[in-house]
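Listing of target15.tsv; format and content: TSV, C-alpha atoms.
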```tsv
chain	number	residue	atom	x	y	z
X	1	MET	CA	0.00	0.00	0.00
X	2	THR	CA	2.06	2.86	-1.33
X	3	MET	CA	-0.34	5.64	-0.36
X	4	VAL	CA	0.12	4.96	3.37
X	5	ASN	CA	3.61	6.43	3.53
X	6	ASP	CA	2.61	9.46	1.45
X	7	ILE	CA	-0.34	10.23	3.75
X	8	LEU	CA	1.63	9.72	6.95
X	9	LYS	CA	4.44	12.01	5.74
X	10	HIS	CA	2.00	14.89	5.31
X	11	MET	CA	0.40	14.52	8.76
X	12	PRO	CA	1.72	17.18	11.15
X	13	GLY	CA	3.13	16.29	14.56
X	14	LEU	CA	3.72	12.62	13.73
X	15	GLY	CA	7.05	11.21	14.91
X	16	GLN	CA	9.18	8.81	12.93
X	17	PRO	CA	8.69	5.83	15.32
X	18	GLN	CA	4.89	6.09	15.17
X	19	ARG	CA	4.92	6.65	11.41
X	20	LYS	CA	7.00	3.51	10.92
X	21	PHE	CA	4.78	1.51	13.27
X	22	LEU	CA	1.55	2.52	11.53
X	23	ALA	CA	2.91	1.68	8.09
X	24	THR	CA	3.90	-1.76	9.39
X	25	LEU	CA	0.62	-2.26	11.25
X	26	PHE	CA	-1.66	-1.83	8.23
X	27	VAL	CA	0.32	-4.34	6.18
X	28	THR	CA	0.51	-6.80	9.07
X	29	ILE	CA	-3.25	-6.75	9.60
X	30	LEU	CA	-3.68	-7.78	5.97
X	31	VAL	CA	-1.15	-10.61	5.92
X	32	LEU	CA	-1.82	-12.32	9.23
X	33	ARG	CA	-4.05	-15.32	9.73
X	34	GLY	CA	-6.21	-15.62	12.82
X	35	ARG	CA	-7.13	-13.02	15.41
X	36	VAL	CA	-5.80	-9.47	15.20
X	37	ASN	CA	-4.44	-9.16	18.74
X	38	PHE	CA	-1.10	-8.10	20.15
X	39	ARG	CA	0.42	-11.57	20.28
X	40	ASN	CA	-0.59	-12.58	16.78
X	41	LEU	CA	0.53	-9.25	15.33
X	42	SER	CA	3.97	-9.77	16.87
X	43	ARG	CA	4.29	-13.09	15.02
X	44	TYR	CA	3.99	-11.41	11.62
X	45	CYS	CA	6.14	-8.31	12.15
X	46	ASN	CA	9.36	-7.21	13.87
X	47	TYR	CA	7.62	-5.53	16.82
X	48	SER	CA	7.27	-7.33	20.14
X	49	GLU	CA	3.94	-7.85	21.85
X	50	ARG	CA	4.80	-5.28	24.50
X	51	THR	CA	5.82	-2.66	21.93
X	52	ILE	CA	2.58	-3.13	20.01
X	53	ALA	CA	0.54	-2.78	23.20
X	54	ARG	CA	2.43	0.41	24.06
X	55	GLN	CA	1.92	1.88	20.57
X	56	PHE	CA	-1.82	1.18	20.76
X	57	ARG	CA	-2.01	3.53	23.75
X	58	GLU	CA	-0.28	6.38	21.92
X	59	PRO	CA	-2.53	9.25	20.73
X	60	PHE	CA	-3.10	9.59	16.99
X	61	ASP	CA	-5.37	11.87	14.95
X	62	TRP	CA	-7.45	9.14	13.33
X	63	PRO	CA	-10.21	11.41	11.89
X	64	ASP	CA	-7.55	13.42	10.04
X	65	PHE	CA	-6.02	10.20	8.69
X	66	HIS	CA	-9.42	8.89	7.57
X	67	GLN	CA	-10.16	12.20	5.86
X	68	ARG	CA	-6.86	12.16	3.95
X	69	VAL	CA	-7.47	8.60	2.71
X	70	LEU	CA	-11.02	9.50	1.76
X	71	MET	CA	-10.02	12.61	-0.19
X	72	THR	CA	-7.33	10.62	-2.00
X	73	ALA	CA	-9.79	7.97	-3.14
X	74	LEU	CA	-12.99	9.89	-3.85
X	75	ASP	CA	-13.71	11.83	-7.01
X	76	PRO	CA	-14.88	15.33	-5.99
X	77	ARG	CA	-17.29	15.31	-8.94
X	78	ALA	CA	-19.01	12.12	-7.78
X	79	GLU	CA	-22.39	12.09	-6.04
X	80	LEU	CA	-21.64	11.73	-2.32
X	81	VAL	CA	-23.77	11.40	0.80
X	82	SER	CA	-22.87	10.92	4.44
X	83	ALA	CA	-24.14	8.06	6.57
X	84	GLN	CA	-24.02	7.18	10.26
X	85	ASP	CA	-24.69	3.92	12.04
X	86	ALA	CA	-23.67	1.93	15.11
X	87	SER	CA	-22.39	-1.63	15.34
X	88	PHE	CA	-22.43	-4.07	18.26
X	89	LEU	CA	-19.22	-5.83	19.32
X	90	PRO	CA	-19.43	-8.77	21.75
X	91	LYS	CA	-16.98	-8.52	24.62
X	92	SER	CA	-16.55	-10.64	27.74
X	93	GLY	CA	-15.05	-9.64	31.06
X	94	LYS	CA	-15.88	-6.95	33.59
X	95	GLN	CA	-13.07	-4.36	33.37
X	96	THR	CA	-13.25	-3.35	29.71
X	97	PHE	CA	-13.93	0.34	29.16
X	98	GLY	CA	-17.41	1.06	27.80
X	99	LEU	CA	-18.85	-2.36	28.59
X	100	GLY	CA	-22.64	-2.22	28.73
X	101	HIS	CA	-25.88	-3.38	27.15
X	102	PHE	CA	-26.33	-2.45	23.49
X	103	PHE	CA	-28.73	-3.59	20.81
X	104	ASN	CA	-27.41	-6.49	18.73
X	105	GLY	CA	-29.13	-6.57	15.36
X	106	CYS	CA	-28.09	-10.19	14.70
X	107	ALA	CA	-29.85	-11.38	17.85
X	108	SER	CA	-32.62	-8.70	17.71
X	109	ARG	CA	-32.13	-7.91	21.38
X	110	ALA	CA	-29.87	-5.96	23.75
X	111	GLU	CA	-26.76	-7.83	24.82
X	112	ARG	CA	-23.69	-7.11	26.92
X	113	GLY	CA	-20.73	-5.87	24.94
X	114	LEU	CA	-19.35	-2.77	23.23
X	115	GLU	CA	-20.68	-0.48	20.53
X	116	ILE	CA	-18.97	1.79	18.02
X	117	SER	CA	-20.60	4.67	16.17
X	118	THR	CA	-19.29	5.25	12.66
X	119	LEU	CA	-19.62	8.25	10.37
X	120	ALA	CA	-18.95	7.43	6.73
X	121	VAL	CA	-19.03	8.98	3.27
X	122	VAL	CA	-20.79	6.98	0.55
X	123	ASP	CA	-20.18	7.28	-3.18
X	124	VAL	CA	-23.67	6.77	-4.62
X	125	THR	CA	-22.48	6.19	-8.18
X	126	ARG	CA	-19.83	3.57	-7.45
X	127	ARG	CA	-21.67	2.14	-4.43
X	128	CYS	CA	-18.85	2.20	-1.92
X	129	ALA	CA	-18.37	3.70	1.55
X	130	PHE	CA	-15.33	5.06	3.39
X	131	THR	CA	-15.03	5.53	7.14
X	132	LEU	CA	-14.60	9.14	8.27
X	133	ALA	CA	-14.82	8.86	12.07
X	134	VAL	CA	-15.21	6.07	14.64
X	135	ALA	CA	-16.02	6.49	18.31
X	136	GLN	CA	-16.94	4.09	21.09
X	137	THR	CA	-20.45	4.59	22.44
X	138	PRO	CA	-20.50	5.21	26.20
X	139	PRO	CA	-22.74	2.81	28.15
X	140	GLY	CA	-25.90	4.26	29.63
X	141	GLU	CA	-25.70	2.39	32.94
X	142	VAL	CA	-22.54	4.21	34.11
X	143	ALA	CA	-23.83	7.70	33.39
X	144	THR	CA	-23.42	10.20	36.20
X	145	LYS	CA	-26.36	11.96	37.77
X	146	THR	CA	-25.57	15.18	35.93
X	147	ALA	CA	-25.50	13.38	32.58
X	148	GLN	CA	-28.49	11.11	33.04
X	149	GLU	CA	-30.63	13.33	30.83
X	150	GLU	CA	-28.27	12.73	27.90
X	151	THR	CA	-29.05	9.71	25.76
X	152	ARG	CA	-27.13	7.83	23.13
X	153	VAL	CA	-28.86	9.93	20.47
X	154	ASP	CA	-27.11	12.95	22.03
X	155	PHE	CA	-23.78	11.16	21.64
X	156	TYR	CA	-24.51	10.34	17.98
X	157	LYS	CA	-25.42	13.92	17.13
X	158	GLN	CA	-22.35	15.23	18.98
X	159	GLN	CA	-20.18	12.97	16.84
X	160	LEU	CA	-21.82	14.31	13.67
X	161	ARG	CA	-21.37	17.91	14.83
X	162	ALA	CA	-17.70	17.35	15.71
X	163	HIS	CA	-16.83	16.01	12.25
X	164	ARG	CA	-19.21	17.99	10.04
X	165	HIS	CA	-16.31	20.12	8.76
X	166	ARG	CA	-14.53	16.99	7.51
X	167	LEU	CA	-17.30	16.03	5.10
X	168	PRO	CA	-16.62	16.83	1.43
X	169	PRO	CA	-18.25	20.10	0.30
X	170	SER	CA	-20.49	18.27	-2.17
X	171	VAL	CA	-22.24	16.30	0.62
X	172	THR	CA	-25.72	17.74	1.19
X	173	SER	CA	-27.64	14.66	2.38
X	174	HIS	CA	-27.19	12.59	5.53
X	175	CYS	CA	-28.65	9.06	5.48
X	176	VAL	CA	-29.49	7.11	8.64
X	177	ASP	CA	-31.77	4.23	9.54
X	178	GLY	CA	-35.07	4.45	11.41
X	179	TYR	CA	-33.50	4.53	14.89
X	180	TYR	CA	-32.20	8.05	14.26
X	181	ALA	CA	-35.63	9.45	13.35
X	182	LYS	CA	-35.73	11.45	16.58
X	183	LYS	CA	-36.54	15.14	16.76
X	184	LYS	CA	-33.32	16.28	18.40
X	185	TYR	CA	-31.19	14.29	15.96
X	186	ILE	CA	-33.05	15.48	12.85
X	187	ASP	CA	-32.92	19.07	14.15
X	188	GLU	CA	-29.14	18.75	14.56
X	189	VAL	CA	-28.75	17.44	11.01
X	190	VAL	CA	-30.75	20.36	9.60
X	191	ASN	CA	-28.82	22.87	11.74
X	192	LEU	CA	-25.62	21.53	10.16
X	193	ASP	CA	-26.94	22.42	6.67
X	194	LEU	CA	-27.68	18.82	5.73
X	195	HIS	CA	-30.87	17.15	4.55
X	196	ALA	CA	-31.75	14.10	6.63
X	197	ILE	CA	-32.93	10.94	4.84
X	198	THR	CA	-34.32	8.22	7.06
X	199	LYS	CA	-37.04	5.64	7.57
X	200	LEU	CA	-40.24	6.25	9.54
X	201	ARG	CA	-42.56	3.98	11.49
X	202	SER	CA	-45.42	2.41	9.56
X	203	ASP	CA	-47.82	4.32	11.84
X	204	ALA	CA	-46.02	7.67	11.72
X	205	ASN	CA	-48.19	10.59	12.86
X	206	CYS	CA	-48.33	12.76	9.74
X	207	MET	CA	-50.82	15.31	8.42
X	208	PHE	CA	-51.60	16.28	4.84
X	209	LEU	CA	-50.89	19.93	4.11
X	210	TYR	CA	-53.86	22.04	3.08
X	211	THR	CA	-53.32	23.59	-0.36
X	212	GLY	CA	-56.85	24.82	-1.18
X	213	PRO	CA	-58.25	28.37	-0.96
X	214	HIS	CA	-58.58	29.97	2.45
X	215	PRO	CA	-62.06	31.24	3.41
X	216	LYS	CA	-62.51	34.90	4.25
X	217	ARG	CA	-62.97	34.68	8.00
X	218	ARG	CA	-61.29	35.71	11.18
X	219	GLY	CA	-58.57	33.54	12.72
X	220	ALA	CA	-55.54	31.63	11.54
X	221	ARG	CA	-55.39	30.06	8.12
X	222	ARG	CA	-56.03	26.36	7.74
X	223	LYS	CA	-52.80	24.34	7.73
X	224	TYR	CA	-53.73	20.67	7.57
X	225	ASP	CA	-56.06	18.55	5.51
X	226	GLY	CA	-56.49	15.37	7.52
X	227	LYS	CA	-54.33	12.61	8.96
X	228	VAL	CA	-52.23	10.39	6.70
X	229	ASN	CA	-53.46	6.82	6.43
X	230	PHE	CA	-50.78	4.61	4.90
X	231	GLN	CA	-53.36	1.91	4.16
X	232	THR	CA	-55.06	4.26	1.67
X	233	LEU	CA	-52.64	5.86	-0.79
X	234	SER	CA	-55.19	7.52	-3.07
X	235	ARG	CA	-54.05	11.01	-2.01
X	236	PHE	CA	-50.40	10.26	-2.78
X	237	GLU	CA	-48.73	10.94	-6.13
X	238	ASP	CA	-48.10	7.71	-8.04
X	239	LEU	CA	-44.46	7.49	-9.20
X	240	GLY	CA	-44.80	4.11	-10.83
X	241	THR	CA	-42.47	1.19	-10.21
X	242	ILE	CA	-38.72	0.80	-9.82
X	243	GLU	CA	-37.10	-0.20	-13.11
X	244	ASP	CA	-35.25	-3.28	-11.85
X	245	GLU	CA	-37.96	-4.32	-9.39
X	246	PRO	CA	-41.41	-4.02	-10.96
X	247	HIS	CA	-43.14	-5.36	-7.83
X	248	LEU	CA	-42.10	-2.23	-5.87
X	249	HIS	CA	-44.53	0.64	-6.36
X	250	LEU	CA	-43.67	4.19	-5.25
X	251	TYR	CA	-46.04	6.83	-3.87
X	252	THR	CA	-44.99	10.26	-2.65
X	253	THR	CA	-46.31	13.46	-1.09
X	254	VAL	CA	-45.25	16.31	1.21
X	255	VAL	CA	-46.65	16.14	4.75
X	256	TRP	CA	-46.26	17.65	8.20
X	257	HIS	CA	-44.75	15.29	10.78
X	258	LYS	CA	-46.22	16.09	14.19
X	259	THR	CA	-43.38	14.57	16.22
X	260	LEU	CA	-40.48	15.96	14.19
X	261	GLN	CA	-42.35	19.28	13.80
X	262	ARG	CA	-41.35	19.86	10.18
X	263	ARG	CA	-42.38	19.34	6.56
X	264	LEU	CA	-41.14	16.10	5.03
X	265	ARG	CA	-41.06	14.51	1.62
X	266	LEU	CA	-42.55	11.05	2.09
X	267	VAL	CA	-42.06	8.06	-0.19
X	268	VAL	CA	-44.05	4.90	0.44
X	269	LEU	CA	-42.59	1.72	-1.09
X	270	LEU	CA	-45.42	-0.74	-1.60
X	271	ASN	CA	-44.27	-4.33	-2.14
X	272	ARG	CA	-46.81	-6.18	-4.29
X	273	LYS	CA	-44.78	-9.33	-4.80
X	274	ASP	CA	-47.46	-11.14	-2.83
X	275	PRO	CA	-50.73	-9.42	-3.86
X	276	ALA	CA	-52.64	-11.11	-1.06
X	277	LYS	CA	-50.30	-9.63	1.56
X	278	ALA	CA	-48.88	-6.31	0.36
X	279	ARG	CA	-46.24	-4.73	2.59
X	280	PHE	CA	-44.85	-1.21	2.71
X	281	ILE	CA	-42.14	0.95	4.25
X	282	VAL	CA	-42.07	4.72	4.67
X	283	LEU	CA	-39.00	6.79	3.78
X	284	CYS	CA	-38.66	10.52	4.26
X	285	SER	CA	-36.40	13.49	3.65
X	286	THR	CA	-36.26	16.95	5.18
X	287	ASP	CA	-35.87	18.31	1.62
X	288	PRO	CA	-39.46	18.71	0.33
X	289	GLU	CA	-38.19	19.27	-3.24
X	290	LEU	CA	-36.30	15.98	-3.45
X	291	ASN	CA	-37.45	13.61	-6.19
X	292	GLY	CA	-39.06	10.44	-4.85
X	293	HIS	CA	-36.93	8.07	-6.95
X	294	LYS	CA	-33.76	9.91	-5.91
X	295	LEU	CA	-34.78	9.63	-2.23
X	296	VAL	CA	-35.06	5.85	-2.56
X	297	GLU	CA	-31.70	5.69	-4.34
X	298	LEU	CA	-29.93	7.71	-1.65
X	299	TYR	CA	-31.45	5.72	1.20
X	300	ALA	CA	-30.43	2.47	-0.51
X	301	ALA	CA	-26.85	3.81	-0.72
X	302	ARG	CA	-26.86	4.07	3.08
X	303	PHE	CA	-26.54	0.29	3.30
X	304	GLN	CA	-22.93	0.52	2.07
X	305	ILE	CA	-21.91	1.41	5.63
X	306	GLU	CA	-23.03	-2.07	6.69
X	307	PHE	CA	-20.39	-3.56	4.39
X	308	LEU	CA	-17.75	-1.60	6.31
X	309	PHE	CA	-18.81	-3.40	9.49
X	310	ARG	CA	-19.01	-6.77	7.73
X	311	ASP	CA	-15.57	-6.62	6.10
X	312	SER	CA	-13.83	-5.17	9.14
X	313	LYS	CA	-15.28	-7.86	11.40
X	314	GLN	CA	-14.41	-10.69	9.02
X	315	PHE	CA	-11.01	-9.59	7.69
X	316	THR	CA	-9.38	-6.77	9.69
X	317	GLY	CA	-10.06	-7.91	13.25
X	318	LEU	CA	-12.63	-5.41	14.48
X	319	LEU	CA	-13.87	-7.99	17.02
X	320	ASP	CA	-10.45	-9.22	18.16
X	321	CYS	CA	-9.11	-6.48	20.43
X	322	GLN	CA	-7.68	-7.88	23.67
X	323	ALA	CA	-7.11	-4.46	25.28
X	324	ARG	CA	-9.30	-2.98	28.00
X	325	ALA	CA	-8.13	0.65	28.15
X	326	ALA	CA	-10.16	3.31	26.34
X	327	SER	CA	-7.20	4.62	24.32
X	328	ALA	CA	-6.15	1.14	23.13
X	329	LEU	CA	-9.72	0.20	22.20
X	330	ASP	CA	-10.13	3.41	20.20
X	331	PHE	CA	-6.82	2.78	18.43
X	332	HIS	CA	-7.82	-0.78	17.54
X	333	PHE	CA	-11.26	0.14	16.17
X	334	ASN	CA	-9.81	2.93	14.04
X	335	ALA	CA	-6.89	0.83	12.80
X	336	SER	CA	-9.25	-1.95	11.72
X	337	LEU	CA	-11.50	0.36	9.71
X	338	ALA	CA	-8.53	2.41	8.42
X	339	THR	CA	-6.99	-0.75	6.95
X	340	LEU	CA	-10.23	-1.40	5.10
X	341	ASN	CA	-10.26	2.21	3.88
X	342	LEU	CA	-6.73	1.86	2.52
X	343	VAL	CA	-7.50	-1.36	0.68
X	344	ARG	CA	-10.65	0.12	-0.87
X	345	ALA	CA	-8.69	3.21	-1.93
X	346	GLU	CA	-5.96	1.07	-3.52
X	347	ASP	CA	-8.62	-0.97	-5.30
X	348	TRP	CA	-10.24	2.18	-6.67
X	349	CYS	CA	-6.91	3.47	-7.99
X	350	MET	CA	-6.61	0.28	-10.04
X	351	GLN	CA	-10.07	0.68	-11.57
X	352	GLN	CA	-11.00	2.80	-14.56
X	353	GLY	CA	-14.21	4.80	-14.91
X	354	GLN	CA	-16.99	5.52	-12.46
X	355	GLU	CA	-19.02	2.34	-12.86
X	356	PRO	CA	-19.65	0.09	-9.84
X	357	HIS	CA	-17.35	-2.91	-9.61
X	358	VAL	CA	-17.06	-5.93	-7.38
X	359	PHE	CA	-14.74	-5.42	-4.39
X	360	SER	CA	-13.54	-8.51	-2.53
X	361	MET	CA	-11.68	-8.01	0.73
X	362	ALA	CA	-11.08	-11.77	0.89
X	363	SER	CA	-9.18	-11.66	-2.42
X	364	TRP	CA	-7.05	-8.73	-1.28
X	365	LYS	CA	-6.18	-10.43	1.98
X	366	GLN	CA	-5.28	-13.68	0.21
X	367	CYS	CA	-3.04	-11.84	-2.28
X	368	GLN	CA	-1.23	-10.00	0.51
X	369	PHE	CA	-0.69	-13.27	2.38
X	370	ASN	CA	0.65	-14.99	-0.75
X	371	GLU	CA	3.10	-12.17	-1.41
X	372	ARG	CA	4.31	-12.29	2.18
X	373	LEU	CA	4.73	-16.07	1.99
X	374	LEU	CA	6.83	-15.79	-1.19
X	375	ASP	CA	9.02	-13.17	0.47
X	376	VAL	CA	9.62	-15.55	3.40
X	377	PHE	CA	10.55	-18.39	1.04
X	378	MET	CA	13.03	-16.21	-0.84
X	379	GLU	CA	14.53	-14.91	2.41
X	380	LYS	CA	14.90	-18.31	4.10
X	381	LEU	CA	16.14	-20.12	0.98
X	382	ALA	CA	18.39	-17.25	-0.16
X	383	LEU	CA	16.68	-17.09	-3.55
X	384	ASP	CA	17.28	-14.29	-6.01
X	385	PRO	CA	13.89	-12.76	-7.00
X	386	THR	CA	15.38	-11.30	-10.19
X	387	HIS	CA	16.75	-14.64	-11.39
X	388	ARG	CA	14.71	-16.48	-14.04
```

If you took the structure in this file and wrote it as structure tokens, what would it be?
Amino acid sequence: MTMVNDILKHMPGLGQPQRKFLATLFVTILVLRGRVNFRNLSRYCNYSERTIARQFREPFDWPDFHQRVLMTALDPRAELVSAQDASFLPKSGKQTFGLGHFFNGCASRAERGLEISTLAVVDVTRRCAFTLAVAQTPPGEVATKTAQEETRVDFYKQQLRAHRHRLPPSVTSHCVDGYYAKKKYIDEVVNLDLHAITKLRSDANCMFLYTGPHPKRRGARRKYDGKVNFQTLSRFEDLGTIEDEPHLHLYTTVVWHKTLQRRLRLVVLLNRKDPAKARFIVLCSTDPELNGHKLVELYAARFQIEFLFRDSKQFTGLLDCQARAASALDFHFNASLATLNLVRAEDWCMQQGQEPHVFSMASWKQCQFNERLLDVFMEKLALDPTHR
């Protein structure tokens, strides 16, 4: 990975020992087999287990590093959106920092472990996401009395506010799943000059906006024209079907959401694959002028952040940290996702054009392991790599 050294050289305040360690760490994570912990890392590089543990506690500006990798890989002319989501990490023990009960989507219930909140930038055209910031979610059960009124939604919006300036200038939409459809979070997104795109409950409390003539009488003008019933879509605009999925029918309108206290562009996706049991989901955007088909496309692009969690858990050791200190845990989570960022960036540099292509982290990891194995053979057997 040639771009690692170039990026590290341009980072201010970074010493030579840490720069050398980071360059070695990213390559080692790719070539090793098994768990990404201190002992296994020491088996594949020249650093001892103690040195690696000490380096993991050293401070490093990870958001700046993520931003530099992201700006190197992304085309500024591409269509970009930001996305935010949290991921559950199982963890045993009692002394690990941040240990608490968090929702595990795989088990559909809250379990004891850790959670990380990730802010990412998604290229809609090429269907790929890059990590911009990672932070460990504090557990709710250890909150102090003065901070009991703060919830995890407050932590998520604080993370977005802290890294808003790092988003590319072309990003105007922020995509999140239905958990983030809370008033204080949506208000924060709008205050940061972004349009929120999210999913609503199937029984969301919405009102049609009154667009007819106002009678000449005393009092305030009429604002609403009845409650939205998602079982009857006759008052919605019919957008037809999605080109690749003719069983998905789109309906849209602009409504007033009583809980969020703002006008929203709604899109109802009606699934008629089983005509006897039609199902639907409700998507929304704080931009009332957004096209309904574009809203669905942008929300679908949000799912690329899930592939960051999948690949980092399977290939770069996101679940394997053996440290318990807050600084070492933060270093490990960022290093795992940064390695994935670097591989994706290298893969993009090898591709031509803006069309989506298949990215395989398993293939990259296997190639790196094979190259390392050949280097070991040539070193141990004193072979000349230039000899034919």

What's the 10 Å shell around Tyr179 (chain X), counting only C-alpha atoms, without same-chain residues fewer than 6 positions away, as a PyMOL selection string? chain X and resi 85+153+198-201

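CA of Asp61 (chain X) lies 8.9 Å from CA of Met11 (chain X).
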
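The gap separating CA of Arg33 (chain X) from CA of Cys128 (chain X) is 25.7 Å, in Å to one decimal.
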
Take the point (5.8, 3.0, 20.5) in the file's coordinates, draw a sphere of radius 12 Å around it, and report as number ranges by chain every protein, DNA or RNA residue with an atom inside or on it, counting only C-alpha atoms. X: 14-22, 25, 47-60

Export, as a PDB file, in the coordinates of the input, the selected residues with C-alpha atoms.
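Below is the file selection31.pdb, written as the result:
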```
ATOM      1  CA  LEU X  14       3.720  12.620  13.730  1.00  0.00           C
ATOM      2  CA  GLY X  15       7.050  11.210  14.910  1.00  0.00           C
ATOM      3  CA  GLN X  16       9.180   8.810  12.930  1.00  0.00           C
ATOM      4  CA  PRO X  17       8.690   5.830  15.320  1.00  0.00           C
ATOM      5  CA  GLN X  18       4.890   6.090  15.170  1.00  0.00           C
ATOM      6  CA  ARG X  19       4.920   6.650  11.410  1.00  0.00           C
ATOM      7  CA  LYS X  20       7.000   3.510  10.920  1.00  0.00           C
ATOM      8  CA  PHE X  21       4.780   1.510  13.270  1.00  0.00           C
ATOM      9  CA  LEU X  22       1.550   2.520  11.530  1.00  0.00           C
ATOM     10  CA  LEU X  25       0.620  -2.260  11.250  1.00  0.00           C
ATOM     11  CA  TYR X  47       7.620  -5.530  16.820  1.00  0.00           C
ATOM     12  CA  SER X  48       7.270  -7.330  20.140  1.00  0.00           C
ATOM     13  CA  GLU X  49       3.940  -7.850  21.850  1.00  0.00           C
ATOM     14  CA  ARG X  50       4.800  -5.280  24.500  1.00  0.00           C
ATOM     15  CA  THR X  51       5.820  -2.660  21.930  1.00  0.00           C
ATOM     16  CA  ILE X  52       2.580  -3.130  20.010  1.00  0.00           C
ATOM     17  CA  ALA X  53       0.540  -2.780  23.200  1.00  0.00           C
ATOM     18  CA  ARG X  54       2.430   0.410  24.060  1.00  0.00           C
ATOM     19  CA  GLN X  55       1.920   1.880  20.570  1.00  0.00           C
ATOM     20  CA  PHE X  56      -1.820   1.180  20.760  1.00  0.00           C
ATOM     21  CA  ARG X  57      -2.010   3.530  23.750  1.00  0.00           C
ATOM     22  CA  GLU X  58      -0.280   6.380  21.920  1.00  0.00           C
ATOM     23  CA  PRO X  59      -2.530   9.250  20.730  1.00  0.00           C
ATOM     24  CA  PHE X  60      -3.100   9.590  16.990  1.00  0.00           C
TER      25      PHE X  60
END
```

Top pick for closest residue to Leu290 (chain X), considering X:Cys106, X:Val267, X:Leu8, X:Ala181 and counting all atoms listed in the file: X:Val267
